[in-house]
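What follows is the content of data-v4.tsv, which has TSV, C-alpha atoms and all ligand atoms:
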chain	number	residue	atom	x	y	z
A	4	MET	CA	30.39	-138.51	-42.27
A	5	GLN	CA	33.94	-139.24	-43.37
A	6	PRO	CA	35.01	-136.74	-46.03
A	7	ASP	CA	37.99	-137.57	-48.24
A	8	GLN	CA	39.16	-133.97	-48.19
A	9	LEU	CA	38.67	-130.91	-46.00
A	10	VAL	CA	38.93	-127.44	-47.53
A	11	ASP	CA	39.65	-124.50	-45.23
A	12	ILE	CA	37.78	-121.46	-46.58
A	13	ASN	CA	38.60	-119.18	-43.65
A	14	ARG	CA	41.11	-117.06	-45.56
A	15	LEU	CA	38.70	-116.14	-48.36
A	16	PRO	CA	37.76	-112.42	-48.38
A	17	LEU	CA	34.17	-113.01	-47.29
A	18	ARG	CA	34.02	-111.18	-43.98
A	19	GLN	CA	32.45	-107.88	-45.07
A	20	ILE	CA	29.01	-106.46	-44.32
A	21	GLU	CA	28.16	-103.72	-46.82
A	22	THR	CA	25.14	-101.67	-47.85
A	23	LEU	CA	24.44	-101.83	-51.59
A	24	PRO	CA	23.33	-98.75	-53.58
A	25	ASP	CA	19.75	-100.13	-53.72
A	26	GLY	CA	19.56	-100.27	-49.90
A	27	ARG	CA	20.08	-104.02	-49.51
A	28	LEU	CA	22.63	-105.42	-47.06
A	29	ARG	CA	25.28	-107.83	-48.37
A	30	ILE	CA	26.77	-110.21	-45.80
A	31	GLY	CA	29.91	-112.23	-46.51
A	32	ALA	CA	29.61	-115.97	-45.85
A	33	LEU	CA	32.41	-115.86	-43.26
A	34	VAL	CA	30.89	-113.09	-41.13
A	35	THR	CA	30.38	-114.64	-37.72
A	36	ASN	CA	27.01	-114.74	-35.98
A	37	THR	CA	28.38	-112.41	-33.29
A	38	GLU	CA	29.72	-109.88	-35.79
A	39	LEU	CA	26.42	-109.86	-37.64
A	40	ALA	CA	24.27	-109.55	-34.52
A	41	ARG	CA	26.38	-106.66	-33.20
A	42	HIS	CA	26.71	-104.74	-36.50
A	43	SER	CA	25.25	-101.25	-36.17
A	44	ILE	CA	23.11	-101.47	-39.34
A	45	VAL	CA	21.74	-104.86	-38.37
A	46	ARG	CA	20.84	-103.64	-34.89
A	47	THR	CA	19.16	-100.54	-36.26
A	48	ASP	CA	17.50	-101.73	-39.47
A	49	TYR	CA	17.10	-105.46	-38.84
A	50	PRO	CA	16.48	-105.91	-35.10
A	51	VAL	CA	14.67	-109.17	-35.82
A	52	LEU	CA	17.90	-110.60	-37.23
A	53	SER	CA	20.07	-109.33	-34.40
A	54	GLN	CA	17.66	-110.82	-31.84
A	55	ALA	CA	17.44	-114.14	-33.69
A	56	LEU	CA	21.22	-114.47	-33.86
A	57	LEU	CA	21.62	-113.70	-30.16
A	58	ALA	CA	18.97	-116.30	-29.34
A	59	GLY	CA	21.03	-119.00	-31.05
A	60	ALA	CA	23.49	-121.43	-29.49
A	61	SER	CA	25.92	-119.88	-26.96
A	62	THR	CA	28.31	-116.93	-26.96
A	63	GLN	CA	31.28	-119.16	-27.72
A	64	LEU	CA	29.50	-120.86	-30.61
A	65	ARG	CA	28.25	-117.58	-32.05
A	66	ASN	CA	31.80	-116.22	-32.00
A	67	LYS	CA	32.84	-119.05	-34.35
A	68	ALA	CA	29.65	-119.81	-36.30
A	69	THR	CA	29.54	-118.22	-39.74
A	70	THR	CA	26.69	-116.96	-41.88
A	71	GLY	CA	27.35	-119.63	-44.54
A	72	GLY	CA	27.73	-122.38	-41.94
A	73	ASN	CA	24.53	-121.49	-40.13
A	74	VAL	CA	22.57	-121.51	-43.40
A	75	MET	CA	24.09	-124.94	-44.13
A	76	GLN	CA	23.78	-126.60	-40.70
A	77	ARG	CA	22.15	-129.97	-40.97
A	78	VAL	CA	18.49	-130.56	-40.34
A	79	ARG	CA	18.67	-133.43	-37.91
A	80	CYS	CA	17.29	-135.00	-34.77
A	81	ASN	CA	18.80	-137.08	-31.99
A	82	TYR	CA	18.17	-140.33	-33.86
A	83	PHE	CA	20.24	-139.00	-36.75
A	84	ARG	CA	22.99	-138.10	-34.34
A	85	ASP	CA	23.09	-141.31	-32.31
A	86	GLY	CA	24.53	-143.11	-35.34
A	87	VAL	CA	22.65	-146.40	-34.77
A	88	SER	CA	18.87	-145.80	-34.89
A	89	PRO	CA	17.05	-146.21	-38.21
A	90	CYS	CA	17.12	-142.79	-39.91
A	91	ASN	CA	16.18	-142.13	-43.53
A	92	LYS	CA	18.37	-139.05	-43.60
A	93	ARG	CA	21.51	-140.86	-42.46
A	94	GLU	CA	20.73	-144.16	-44.15
A	95	PRO	CA	18.09	-143.85	-46.91
A	96	GLY	CA	15.35	-146.46	-46.67
A	97	SER	CA	16.14	-147.49	-43.10
A	98	GLY	CA	13.05	-145.78	-41.62
A	99	CYS	CA	12.43	-142.83	-39.33
A	100	SER	CA	12.79	-143.54	-35.62
A	101	ALA	CA	11.23	-140.21	-34.69
A	102	ILE	CA	7.86	-141.10	-36.20
A	103	GLY	CA	6.26	-142.97	-33.34
A	104	GLY	CA	9.33	-142.39	-31.19
A	105	HIS	CA	10.44	-139.53	-29.00
A	106	ASN	CA	9.57	-136.47	-31.07
A	107	ARG	CA	8.92	-133.73	-28.61
A	108	SER	CA	11.58	-131.14	-29.27
A	109	VAL	CA	13.45	-130.84	-32.57
A	110	HIS	CA	10.62	-132.19	-34.68
A	111	ALA	CA	8.37	-130.29	-37.02
A	112	VAL	CA	4.62	-130.02	-37.47
A	113	LEU	CA	4.77	-128.24	-40.85
A	114	GLY	CA	6.37	-129.54	-44.06
A	115	THR	CA	6.94	-133.05	-42.71
A	116	SER	CA	6.86	-136.21	-44.83
A	117	ALA	CA	6.51	-139.92	-44.17
A	118	GLN	CA	10.30	-140.07	-44.47
A	119	CYS	CA	11.47	-137.37	-42.04
A	120	ILE	CA	10.04	-134.94	-39.49
A	121	ALA	CA	13.18	-133.15	-38.24
A	122	SER	CA	12.75	-129.40	-37.84
A	123	HIS	CA	15.16	-126.86	-39.26
A	124	PRO	CA	17.46	-125.78	-36.41
A	125	SER	CA	18.51	-122.25	-37.39
A	126	ASP	CA	17.31	-119.05	-35.72
A	127	MET	CA	19.18	-116.78	-38.13
A	128	CYS	CA	17.47	-118.36	-41.14
A	129	VAL	CA	14.01	-117.72	-39.68
A	130	ALA	CA	14.74	-114.00	-39.46
A	131	MET	CA	16.21	-113.98	-42.97
A	132	THR	CA	13.10	-115.75	-44.27
A	133	ALA	CA	10.89	-113.00	-42.85
A	134	ILE	CA	13.17	-110.23	-44.13
A	135	GLY	CA	13.59	-111.72	-47.61
A	136	ALA	CA	17.07	-112.46	-48.98
A	137	ARG	CA	19.14	-113.90	-51.83
A	138	VAL	CA	21.92	-116.44	-51.44
A	139	THR	CA	24.89	-115.93	-53.80
A	140	VAL	CA	26.79	-119.11	-54.63
A	141	GLN	CA	29.98	-119.65	-56.58
A	142	GLY	CA	30.79	-122.87	-58.42
A	143	PRO	CA	32.66	-124.32	-61.37
A	144	ASN	CA	30.09	-122.73	-63.71
A	145	GLY	CA	30.33	-119.27	-62.18
A	146	SER	CA	28.12	-117.37	-59.77
A	147	ARG	CA	24.35	-117.58	-59.35
A	148	GLU	CA	21.68	-116.38	-56.95
A	149	ILE	CA	19.04	-118.40	-55.13
A	150	ASP	CA	16.01	-116.93	-53.41
A	151	PHE	CA	16.36	-117.57	-49.67
A	152	GLY	CA	12.87	-119.09	-49.53
A	153	GLU	CA	13.90	-121.68	-52.12
A	154	PHE	CA	17.32	-122.48	-50.71
A	155	HIS	CA	16.17	-125.01	-48.09
A	156	LEU	CA	14.25	-128.03	-49.36
A	157	LEU	CA	11.35	-129.98	-47.86
A	158	PRO	CA	12.24	-133.58	-46.92
A	159	GLY	CA	9.70	-135.25	-49.22
A	160	ASP	CA	11.03	-138.64	-50.34
A	161	THR	CA	14.64	-137.46	-50.25
A	162	PRO	CA	15.26	-136.14	-46.73
A	163	TRP	CA	19.03	-136.26	-47.20
A	164	LYS	CA	18.74	-133.43	-49.78
A	165	GLU	CA	18.44	-130.31	-47.63
A	166	HIS	CA	19.45	-127.40	-49.84
A	167	ALA	CA	19.69	-126.15	-53.41
A	168	LEU	CA	23.51	-126.12	-53.63
A	169	GLN	CA	25.00	-128.13	-56.48
A	170	PRO	CA	28.18	-130.17	-55.93
A	171	HIS	CA	31.29	-127.95	-55.61
A	172	GLU	CA	29.26	-124.78	-55.03
A	173	LEU	CA	30.13	-122.45	-52.16
A	174	ILE	CA	27.98	-119.77	-50.55
A	175	THR	CA	29.79	-116.44	-50.87
A	176	HIS	CA	27.12	-113.98	-49.63
A	177	VAL	CA	23.62	-113.59	-48.29
A	178	THR	CA	21.99	-110.31	-49.34
A	179	LEU	CA	19.06	-109.05	-47.27
A	180	ASP	CA	16.19	-107.08	-48.80
A	181	ALA	CA	15.99	-103.46	-47.67
A	182	PRO	CA	13.73	-103.22	-44.60
A	183	PRO	CA	10.20	-101.92	-45.32
A	184	GLU	CA	10.00	-98.23	-44.47
A	185	GLY	CA	8.65	-97.61	-40.99
A	186	SER	CA	8.81	-101.28	-40.06
A	187	ARG	CA	9.29	-102.71	-36.58
A	188	SER	CA	10.40	-106.22	-35.98
A	189	GLY	CA	11.05	-108.77	-33.27
A	190	TYR	CA	12.07	-112.38	-32.70
A	191	LEU	CA	10.75	-114.70	-30.02
A	192	LYS	CA	12.14	-118.12	-29.22
A	193	LEU	CA	10.61	-120.69	-26.87
A	194	ARG	CA	12.93	-123.43	-25.66
A	195	ASP	CA	13.59	-125.81	-22.80
A	196	ARG	CA	16.52	-123.78	-21.45
A	197	ALA	CA	17.08	-120.04	-21.59
A	198	SER	CA	20.34	-120.51	-23.49
A	199	TYR	CA	22.27	-123.02	-25.57
A	200	GLN	CA	19.16	-124.74	-26.85
A	201	PHE	CA	17.36	-125.12	-30.16
A	202	ALA	CA	13.85	-123.69	-30.53
A	203	LEU	CA	10.74	-125.59	-29.61
A	204	ALA	CA	9.07	-122.83	-31.54
A	205	SER	CA	10.09	-119.37	-32.65
A	206	SER	CA	8.78	-116.56	-34.77
A	207	ALA	CA	10.20	-113.58	-36.61
A	208	VAL	CA	7.67	-110.84	-37.19
A	209	ILE	CA	8.04	-107.61	-39.17
A	210	VAL	CA	5.14	-105.19	-39.10
A	211	VAL	CA	4.41	-101.82	-40.68
A	212	MET	CA	1.53	-99.99	-39.04
A	213	ASN	CA	-0.72	-97.38	-40.60
A	214	GLY	CA	-2.24	-95.72	-37.55
A	215	PRO	CA	-4.05	-98.49	-35.65
A	216	ARG	CA	-4.10	-100.80	-38.67
A	217	ILE	CA	-1.51	-103.21	-40.03
A	218	ARG	CA	-0.24	-102.08	-43.42
A	219	GLU	CA	2.25	-104.89	-43.99
A	220	ALA	CA	3.21	-108.03	-42.08
A	221	ARG	CA	5.94	-110.56	-42.63
A	222	ILE	CA	6.01	-113.67	-40.48
A	223	ALA	CA	8.39	-116.60	-40.40
A	224	MET	CA	8.43	-119.45	-37.91
A	225	GLY	CA	11.19	-121.69	-36.61
A	226	GLY	CA	11.30	-124.98	-34.73
A	227	VAL	CA	7.96	-125.99	-36.21
A	228	GLY	CA	8.87	-126.47	-39.88
A	229	THR	CA	11.22	-128.78	-41.74
A	230	LYS	CA	12.58	-125.55	-43.23
A	231	PRO	CA	12.32	-121.93	-42.05
A	232	TRP	CA	8.60	-121.39	-42.50
A	233	ARG	CA	7.05	-118.27	-44.05
A	234	ALA	CA	3.40	-117.84	-43.02
A	235	ARG	CA	2.14	-116.02	-46.10
A	236	GLU	CA	-1.56	-116.77	-45.59
A	237	ALA	CA	-1.43	-115.39	-42.08
A	238	GLU	CA	0.45	-112.32	-43.33
A	239	ALA	CA	-2.18	-111.63	-45.97
A	240	LEU	CA	-5.09	-111.74	-43.57
A	241	LEU	CA	-3.41	-109.34	-41.15
A	242	VAL	CA	-3.15	-106.60	-43.75
A	243	GLY	CA	-5.69	-103.84	-43.16
A	244	GLN	CA	-6.73	-105.24	-39.77
A	245	SER	CA	-6.39	-103.46	-36.46
A	246	ALA	CA	-3.91	-105.01	-34.05
A	247	SER	CA	-6.16	-106.98	-31.72
A	248	MET	CA	-5.98	-110.33	-29.97
A	249	ASP	CA	-8.82	-111.72	-32.06
A	250	VAL	CA	-7.00	-110.87	-35.26
A	251	PHE	CA	-3.74	-112.36	-34.01
A	252	ALA	CA	-5.48	-115.51	-32.84
A	253	HIS	CA	-7.15	-115.98	-36.21
A	254	ALA	CA	-3.83	-115.44	-37.99
A	255	ALA	CA	-2.14	-117.97	-35.69
A	256	SER	CA	-4.78	-120.60	-36.34
A	257	VAL	CA	-4.46	-120.05	-40.09
A	258	ALA	CA	-0.66	-120.34	-39.88
A	259	PHE	CA	-1.03	-123.77	-38.27
A	260	ARG	CA	-4.04	-125.00	-40.21
A	261	ASP	CA	-1.92	-127.60	-42.02
A	262	GLY	CA	0.11	-128.46	-38.91
A	263	ARG	CA	0.47	-132.17	-38.26
A	264	ALA	CA	1.41	-133.06	-34.70
A	265	LEU	CA	2.90	-136.46	-33.97
A	266	TYR	CA	2.54	-137.87	-30.55
A	267	GLY	CA	5.40	-139.84	-29.14
A	268	GLU	CA	4.87	-141.39	-25.74
A	269	SER	CA	6.41	-138.34	-24.08
A	270	HIS	CA	4.73	-135.77	-26.25
A	271	PRO	CA	1.33	-134.58	-25.01
A	272	ARG	CA	-1.11	-133.98	-27.84
A	273	PRO	CA	-0.93	-130.40	-29.05
A	274	VAL	CA	2.07	-129.04	-27.23
A	275	ALA	CA	4.18	-128.37	-30.28
A	276	ILE	CA	1.43	-126.57	-32.11
A	277	SER	CA	0.18	-124.59	-29.15
A	278	ARG	CA	3.67	-123.46	-28.24
A	279	ALA	CA	4.28	-122.37	-31.77
A	280	ALA	CA	1.01	-120.51	-31.91
A	281	VAL	CA	1.79	-118.69	-28.70
A	282	SER	CA	5.22	-117.78	-29.91
A	283	PHE	CA	3.66	-116.47	-33.07
A	284	LEU	CA	1.38	-114.18	-31.11
A	285	ARG	CA	3.91	-112.75	-28.73
A	286	PRO	CA	5.94	-110.48	-31.03
A	287	MET	CA	2.68	-109.12	-32.34
A	288	MET	CA	1.71	-108.28	-28.80
A	289	VAL	CA	4.99	-106.49	-28.34
A	290	GLU	CA	4.36	-104.57	-31.52
A	291	ARG	CA	0.88	-103.71	-30.34
A	292	SER	CA	2.20	-102.51	-27.02
A	293	ILE	CA	4.70	-100.25	-28.75
A	294	SER	CA	1.99	-98.78	-30.95
A	295	ARG	CA	-0.11	-98.07	-27.84
A	296	SER	CA	2.85	-96.75	-25.87
A	297	GLU	CA	2.34	-99.50	-23.30
A	298	SER	CA	5.17	-101.52	-21.90
A	299	PRO	CA	5.44	-105.09	-23.21
A	300	TRP	CA	5.72	-106.17	-19.59
A	301	ARG	CA	2.24	-104.92	-18.79
A	302	ILE	CA	0.83	-106.79	-21.75
A	303	ARG	CA	2.71	-109.85	-20.66
A	304	THR	CA	1.59	-109.81	-17.06
A	305	ARG	CA	-2.05	-109.16	-17.62
A	306	THR	CA	-2.53	-111.90	-20.22
A	307	CYS	CA	-1.83	-115.49	-19.34
A	308	ARG	CA	-0.23	-117.95	-21.68
A	309	TYR	CA	-2.76	-120.66	-20.80
A	310	TRP	CA	-5.45	-118.23	-21.69
A	311	TYR	CA	-4.03	-117.85	-25.17
A	312	ILE	CA	-3.87	-121.56	-25.67
A	313	SER	CA	-7.13	-122.69	-24.20
A	314	ASN	CA	-9.30	-119.82	-25.38
A	315	PHE	CA	-7.99	-119.32	-28.85
A	316	LEU	CA	-6.22	-122.34	-30.08
A	317	PHE	CA	-6.05	-125.81	-28.69
A	318	LYS	CA	-7.20	-127.28	-25.43
A	319	PRO	CA	-4.18	-128.59	-23.48
A	320	PRO	CA	-4.44	-132.30	-22.79
A	321	SER	CA	-5.93	-133.00	-19.39
A	322	GLY	CA	-3.27	-133.10	-16.73
A	323	ALA	CA	-0.64	-131.66	-19.05
A	324	ASN	CA	0.80	-128.25	-18.56
A	325	ALA	CA	1.55	-127.01	-22.05
A	326	CYS	CA	3.81	-124.20	-20.94
A	327	ARG	CA	5.47	-125.67	-17.90
A	328	GLN	CA	8.69	-126.38	-19.67
A	329	SER	CA	8.97	-123.14	-21.54
A	330	SER	CA	11.64	-120.87	-20.14
A	331	GLY	CA	11.20	-118.29	-22.84
A	332	TRP	CA	8.38	-116.55	-21.00
B	1	LIG	C1	25.48	-127.29	-29.28
B	1	LIG	C2	25.03	-126.41	-30.42
B	1	LIG	C3	23.91	-125.62	-30.26
B	1	LIG	C4	23.49	-124.81	-31.30
B	1	LIG	N1	22.36	-124.06	-31.13
B	1	LIG	C5	21.93	-123.30	-32.17
B	1	LIG	C6	20.75	-122.52	-32.04
B	1	LIG	O1	20.09	-122.51	-31.00
B	1	LIG	N2	20.36	-121.78	-33.11
B	1	LIG	C7	21.07	-121.77	-34.28
B	1	LIG	O2	20.67	-121.08	-35.22
B	1	LIG	N3	22.18	-122.50	-34.42
B	1	LIG	C8	22.63	-123.26	-33.40
B	1	LIG	N4	23.76	-123.99	-33.56
B	1	LIG	C9	24.47	-123.94	-34.85
B	1	LIG	C10	25.67	-123.00	-34.78
B	1	LIG	O3	25.21	-121.68	-34.49
B	1	LIG	C11	26.43	-122.98	-36.11
B	1	LIG	O4	25.80	-122.18	-37.07
B	1	LIG	C12	26.58	-124.34	-36.72
B	1	LIG	O5	27.16	-125.18	-35.76
B	1	LIG	C13	27.46	-124.26	-37.97
B	1	LIG	O6	28.76	-123.93	-37.57
B	1	LIG	P1	29.71	-123.12	-38.52
B	1	LIG	O7	29.09	-121.85	-38.90
B	1	LIG	O8	31.07	-123.10	-37.86
B	1	LIG	O9	29.78	-124.02	-39.84
B	1	LIG	P2	30.65	-125.29	-40.13
B	1	LIG	O10	30.51	-126.29	-39.03
B	1	LIG	O11	32.01	-124.87	-40.53
B	1	LIG	O12	29.90	-125.80	-41.42
B	1	LIG	C14	28.63	-126.40	-41.38
B	1	LIG	C15	28.36	-127.00	-42.75
B	1	LIG	O13	28.21	-125.95	-43.69
B	1	LIG	C16	29.16	-126.08	-44.73
B	1	LIG	N5	29.58	-124.72	-45.04
B	1	LIG	C17	30.15	-123.81	-44.21
B	1	LIG	N6	30.35	-122.64	-44.85
B	1	LIG	C18	29.90	-122.82	-46.12
B	1	LIG	C19	29.84	-121.98	-47.26
B	1	LIG	N7	30.26	-120.73	-47.25
B	1	LIG	N8	29.31	-122.50	-48.42
B	1	LIG	C20	28.88	-123.78	-48.46
B	1	LIG	N9	28.92	-124.62	-47.41
B	1	LIG	C21	29.41	-124.15	-46.25
B	1	LIG	C22	30.28	-126.95	-44.17
B	1	LIG	O14	30.93	-127.66	-45.20
B	1	LIG	C23	29.49	-127.88	-43.26
B	1	LIG	O15	28.91	-128.92	-44.00
B	1	LIG	C24	24.20	-124.81	-32.53
B	1	LIG	C25	25.35	-125.59	-32.68
B	1	LIG	C26	25.75	-126.41	-31.65
B	1	LIG	C27	26.99	-127.25	-31.85
B	2	LIG	S1	13.22	-137.22	-38.23
B	2	LIG	FE1	14.64	-137.25	-39.97
B	2	LIG	S2	16.64	-137.05	-38.98
B	2	LIG	FE2	15.20	-137.77	-37.38
B	2	LIG	S3	15.20	-140.03	-37.44
B	2	LIG	FE3	13.58	-139.37	-38.81
B	2	LIG	S4	14.62	-139.34	-40.82
B	2	LIG	FE4	16.23	-139.26	-39.29
Write the structure described by the file as structure tokens, please.
Ligand SMILES: Cc1cc2nc3c(=O)[nH]c(=O)nc-3n(C[C@H](O)[C@H](O)[C@H](O)COP(=O)(O)OP(=O)(O)OC[C@H]3O[C@@H](n4cnc5c(N)ncnc54)[C@H](O)[C@@H]3O)c2cc1C
Ligand code: SF4
Amino acid sequence: MQPDQLVDINRLPLRQIETLPDGRLRIGALVTNTELARHSIVRTDYPVLSQALLAGASTQLRNKATTGGNVMQRVRCNYFRDGVSPCNKREPGSGCSAIGGHNRSVHAVLGTSAQCIASHPSDMCVAMTAIGARVTVQGPNGSREIDFGEFHLLPGDTPWKEHALQPHELITHVTLDAPPEGSRSGYLKLRDRASYQFALASSAVIVVMNGPRIREARIAMGGVGTKPWRAREAEALLVGQSASMDVFAHAASVAFRDGRALYGESHPRPVAISRAAVSFLRPMMVERSISRSESPWRIRTRTCRYWYISNFLFKPPSGANACRQSSGW
């Protein structure tokens, strides 16, 4: 990219985090990822967001990365970045090197098209998708609001169009919905390294319990979708159910029913989907352990990740170790 002009927006007054009278939280576009993650209200009322932010990039990057910039970071893969491989996003009509190529890590299984399969890279946006939010933008025609779930676009036939901003529009704020009363939330990210790495799969889960049963569930997934992915069908079937492994497993399989795995030569068959499904289950297990006053560690040690995969979801390919490379566990 070679822009004709660069505009420095850093001196705009968009660094505040404020609670609105209706209980929502308004975040200025220039609030850094570190400031947002460490803010007392975010830590208390939106732990899923704080955890997601702290799982992203590195300390140095989070100190500089802004809320607006993270929402706007490009959906891309290594072929896009190498500058020479055919890539429909960089050069429309040239083809997609990832389809049939190396597509193990930053490639999606949900929302893909024949044009592009790159997964959305943001952790913060996954948490915001689960929470529910509005993006406020300012442009030549004034200010308008966009629902967070509609801000990022699917690649379809135009993978270079990634968001709903019009030319000359600027994000000024992201406003989070008030957290559901009595909710608990968590974010889990699986990746190749414990830090400084994009998600192979992640999930943001918000749950409200009514005794042993789930009253409300909100689930969003990262690393597996071409945009931050809300799993509404899975949410709906959890409502009214007791928190059990069978229920979680069913919800996970529903969430990935439309998943389409692509197998590059270095990508064993169902690894992307199985990892994502496991990551989807884990925060629910943590929630369950809290509701039973058990430690998450006990839950974690007595249930094996292979057991999740092979018994509930997909059989790992013979000879392949689906979880070997995951450092998130
Ligand atoms: C090595 C590396 C690893 C990373 N790992 C992760 C990760 O694991 N998880 C994760 O979530 N993120 C990750 N990131 C992304 C990082 O956290 C930043 O969010 C991202 O680099 C954007 O940086 P920035 O906020 O400084 O935005 P900029 O680089 O300043 O801007 C990014 C784009 O957004 C546009 N933009 C910025 N602000 C606005 C606005 N207010 N309105 C409209 N357009 C705007 C800019 O014009 C530009 O096109 C990683 C980044 C790097 C370089
Ligand atoms: S997945 Fe998307 S970004 Fe990657 S090569 Fe294909 S078109 Fe380009």
Let me see if you get this right: every residue at most 8 Å from ligand LIG 1 (chain B), counting only C-alpha atoms and all ligand atoms, written as a VMD selection string. chain A and resid 12 32 to 33 35 to 36 55 to 56 58 to 61 64 to 65 67 to 77 124 to 128 140 168 172 to 176 198 to 202
Sorted by chain and rising residue number, which residues of chain A lie within 7 Å of ligand LIG 2 (chain B), and what are their closest atom pairs and distances in Å to one decimal, counting only C-alpha atoms and all ligand atoms, as CSV?
residue,atom,partner,partner_atom,distance
A:Val78,CA,B:LIG2,S2,6.9
A:Arg79,CA,B:LIG2,S2,4.3
A:Cys80,CA,B:LIG2,FE2,4.3
A:Asn81,CA,B:LIG2,FE2,6.5
A:Tyr82,CA,B:LIG2,S3,4.7
A:Phe83,CA,B:LIG2,S2,4.7
A:Pro89,CA,B:LIG2,S3,6.5
A:Cys90,CA,B:LIG2,FE4,3.7
A:Asn91,CA,B:LIG2,S4,4.2
A:Lys92,CA,B:LIG2,S4,4.7
A:Arg93,CA,B:LIG2,FE4,6.4
A:Gly98,CA,B:LIG2,S4,6.7
A:Cys99,CA,B:LIG2,FE3,3.7
A:Ser100,CA,B:LIG2,S3,4.6
A:Ala101,CA,B:LIG2,FE3,4.8
A:Ile102,CA,B:LIG2,FE3,6.5
A:His110,CA,B:LIG2,S1,6.7
A:Gln118,CA,B:LIG2,S4,5.7
A:Cys119,CA,B:LIG2,FE1,3.8
A:Ile120,CA,B:LIG2,S1,4.1
A:Ala121,CA,B:LIG2,S1,4.1
A:Pro162,CA,B:LIG2,S4,6.8
Distance of atom CA of A:Gln5 from atom CA of A:Arg84, expressed in Å to one decimal place: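 Distance between the two atoms: 14.2 Å.
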As an exercise, work out the distance from atom CA of A:Asp7 to atom CA of A:Trp163 in Å and give it to one decimal place. 19.0 Å
For A:Gln19, which residue among A:Gly103, A:Pro6, A:Val129, A:Thr178 is the nearest when counting all atoms listed in the file? A:Thr178
Counting all atoms listed in the file, figure out which residue out of A:Val177, A:Val208, A:Val138, A:Met248 gets nearest to A:Ile30.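 Closest candidate: A:Val177.
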Quick one: residues within 12 Å of (21.8, -104.7, -49.7) (file frame), counting all atoms listed in the file, please, as a VMD selection string. chain A and resid 20 to 31 44 to 45 48 to 49 134 to 138 176 to 182
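From atom CA of A:Ala258 back to atom CA of A:Arg235, the distance works out to 8.1 Å.
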Which residue of A:Pro50, A:Gly262, A:Pro183, A:Gly243 approaches A:Arg221 most closely, using only C-alpha atoms: A:Pro183
Nearest candidate to A:Pro95 (options A:Pro158, A:Gly114, A:Ala130, A:Arg194; using all atoms listed in the file): A:Pro158
Contacts of stretch 209-218 of chain A at 8 Å (all atoms listed in the file; same-chain gap of 6+ positions) as number ranges by chain: A: 51, 133-134, 183-189, 241-246, 290, 294
Using all atoms listed in the file, the residue out of A:Thr47, A:Thr115, A:Ser205, A:Ser146 with shortest distance to A:Asp261 is A:Thr115
Which one is closest to A:Gly152: A:Thr132, A:Thr37, A:Asn13, A:Ser116? Count all atoms listed in the file.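 Going through A:Thr132, A:Thr37, A:Asn13, A:Ser116 one by one, the smallest distance to A:Gly152 is for A:Thr132.
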